[in-house]
Amino acid sequence: MRIGHGYDVHKLVEGRKLILGGVEIPYEKGLLGHSDADVLVHAIMDALLGAAALGDIGKLFPDNDNKYKNADSIELLKQVCKALVERGYTIGNVDSTVIAQQPKLKPYIDQMRENIANACDVSIDAVSVKATTEEQLGFTGSGMGISAHSVCIII
């Protein structure tokens, strides 16, 4: 059994779609990044890669490679999961937390879990996604960005 932890953060800006867990969420701002900037999926990928000692998403999907410009992070997650399977690992579970003052994410959590479970080829019961605010403290609390933490167990 191996445990991994992932963390990611992206700045909120106008003119971008807000995509979290593969779900497009209606909001006046989106996350800035080379790919679709899905901070939740990025944290999950880093947790999985870390558990398998395979580096991080920057190593696999560098932000200076145009092949990944506006990439769908759910598709990148599928590649990460494929790399784990090729090395003989299976995912035990993934537990993640999104930190965002706005928008409220509760209506989208179940779809995020389903998207992530499908990409990882695991049961939705193996995927937990939670959301919290920072009570208006720090960069997430002031609405400057969104961050996410994720932990996982691979076997």
# chains A, B, ... in the order shown; residues from 1 in each chain; ligands from 1
$ residues_around --residues "Ile74 of chain A" --least-positions-apart "3" --cutoff "10 Å" --atoms "only C-alpha atoms" --output "list in words"
Leu20, Gly21, Gly22, Val23, Asp36, Asp38, Val41, His42, Met45, Ala71, Leu77, Lys78, Gln79, Val80, Asn115, Ile116, Asn118, Ala119 and Cys120 of chain A
$ select_by_dssp --residues "segment 98-150 of chain A" --states "strand (DSSP E)" --output "VMD selection string"
chain A and resid 98 to 99 127 to 132 145 to 150
$ atom_distance --atom1 "atom CA of Glu28 of chain A" --atom2 "atom CA of His10 of chain A"
15.3 Å
$ atom_distance --atom1 "atom CA of Gly4 of chain A" --atom2 "atom CA of Ile155 of chain A"
11.3 Å
$ closest_residue --among "A:Ile153, A:Pro26, A:Thr133, A:Asp46" --to "Met1 of chain A" --atoms "only C-alpha atoms"
A:Ile153
$ select_by_dssp --residues "chain A" --states "alpha helix (DSSP H)" --output "number ranges by chain"
A: 39-51, 57-60, 73-86, 109-120, 138-141
$ write_last_selection --atoms "C-alpha atoms" --output "CSV table (one decimal), in the first residue's frame"
chain,number,residue,atom,x,y,z
A,39,VAL,CA,-7.1,22.4,-10.0
A,40,LEU,CA,-9.0,19.5,-8.5
A,41,VAL,CA,-7.9,17.0,-11.1
A,42,HIS,CA,-4.4,18.3,-11.0
A,43,ALA,CA,-4.2,17.7,-7.3
A,44,ILE,CA,-5.5,14.2,-7.8
A,45,MET,CA,-3.0,13.5,-10.5
A,46,ASP,CA,-0.1,14.7,-8.3
A,47,ALA,CA,-1.3,12.5,-5.5
A,48,LEU,CA,-1.5,9.4,-7.7
A,49,LEU,CA,1.9,10.1,-9.3
A,50,GLY,CA,3.4,10.8,-5.9
A,51,ALA,CA,2.1,7.5,-4.5
A,57,ILE,CA,2.1,16.5,-13.6
A,58,GLY,CA,4.7,19.1,-14.6
A,59,LYS,CA,7.1,16.2,-15.5
A,60,LEU,CA,4.5,14.3,-17.5
A,73,SER,CA,-7.4,17.4,-17.4
A,74,ILE,CA,-9.8,14.4,-17.2
A,75,GLU,CA,-8.1,13.0,-20.3
A,76,LEU,CA,-4.7,13.6,-18.7
A,77,LEU,CA,-6.0,11.8,-15.5
A,78,LYS,CA,-6.8,8.8,-17.7
A,79,GLN,CA,-3.2,8.8,-18.9
A,80,VAL,CA,-1.9,8.9,-15.3
A,81,CYS,CA,-4.2,6.0,-14.3
A,82,LYS,CA,-3.0,4.0,-17.3
A,83,ALA,CA,0.6,4.5,-16.2
A,84,LEU,CA,-0.3,3.2,-12.7
A,85,VAL,CA,-2.0,0.1,-14.1
A,86,GLU,CA,1.0,-0.5,-16.4
A,109,ILE,CA,-19.8,17.5,-6.3
A,110,ASP,CA,-21.6,14.3,-7.4
A,111,GLN,CA,-20.8,14.9,-11.1
A,112,MET,CA,-17.2,15.6,-10.2
A,113,ARG,CA,-17.0,12.3,-8.3
A,114,GLU,CA,-18.5,10.5,-11.2
A,115,ASN,CA,-16.1,12.0,-13.8
A,116,ILE,CA,-13.1,11.3,-11.6
A,117,ALA,CA,-14.2,7.7,-10.9
A,118,ASN,CA,-14.8,7.1,-14.6
A,119,ALA,CA,-11.4,8.5,-15.6
A,120,CYS,CA,-9.7,6.3,-12.9
A,138,GLY,CA,-5.9,34.4,2.2
A,139,PHE,CA,-5.9,34.3,-1.6
A,140,THR,CA,-8.7,31.8,-1.9
A,141,GLY,CA,-10.8,33.6,0.7
$ closest_residue --among "A:Met144, A:Ile25, A:Val127, A:Ile99" --to "Asp8 of chain A" --atoms "only C-alpha atoms"
A:Ile99
$ closest_residue --among "A:Ser142, A:Ser123, A:Ser150, A:Thr90" --to "Lys11 of chain A" --atoms "only C-alpha atoms"
A:Ser142
$ closest_residue --among "A:Ile154, A:Ala126, A:Leu32, A:Ala131" --to "Leu105 of chain A" --atoms "only C-alpha atoms"
A:Ala131
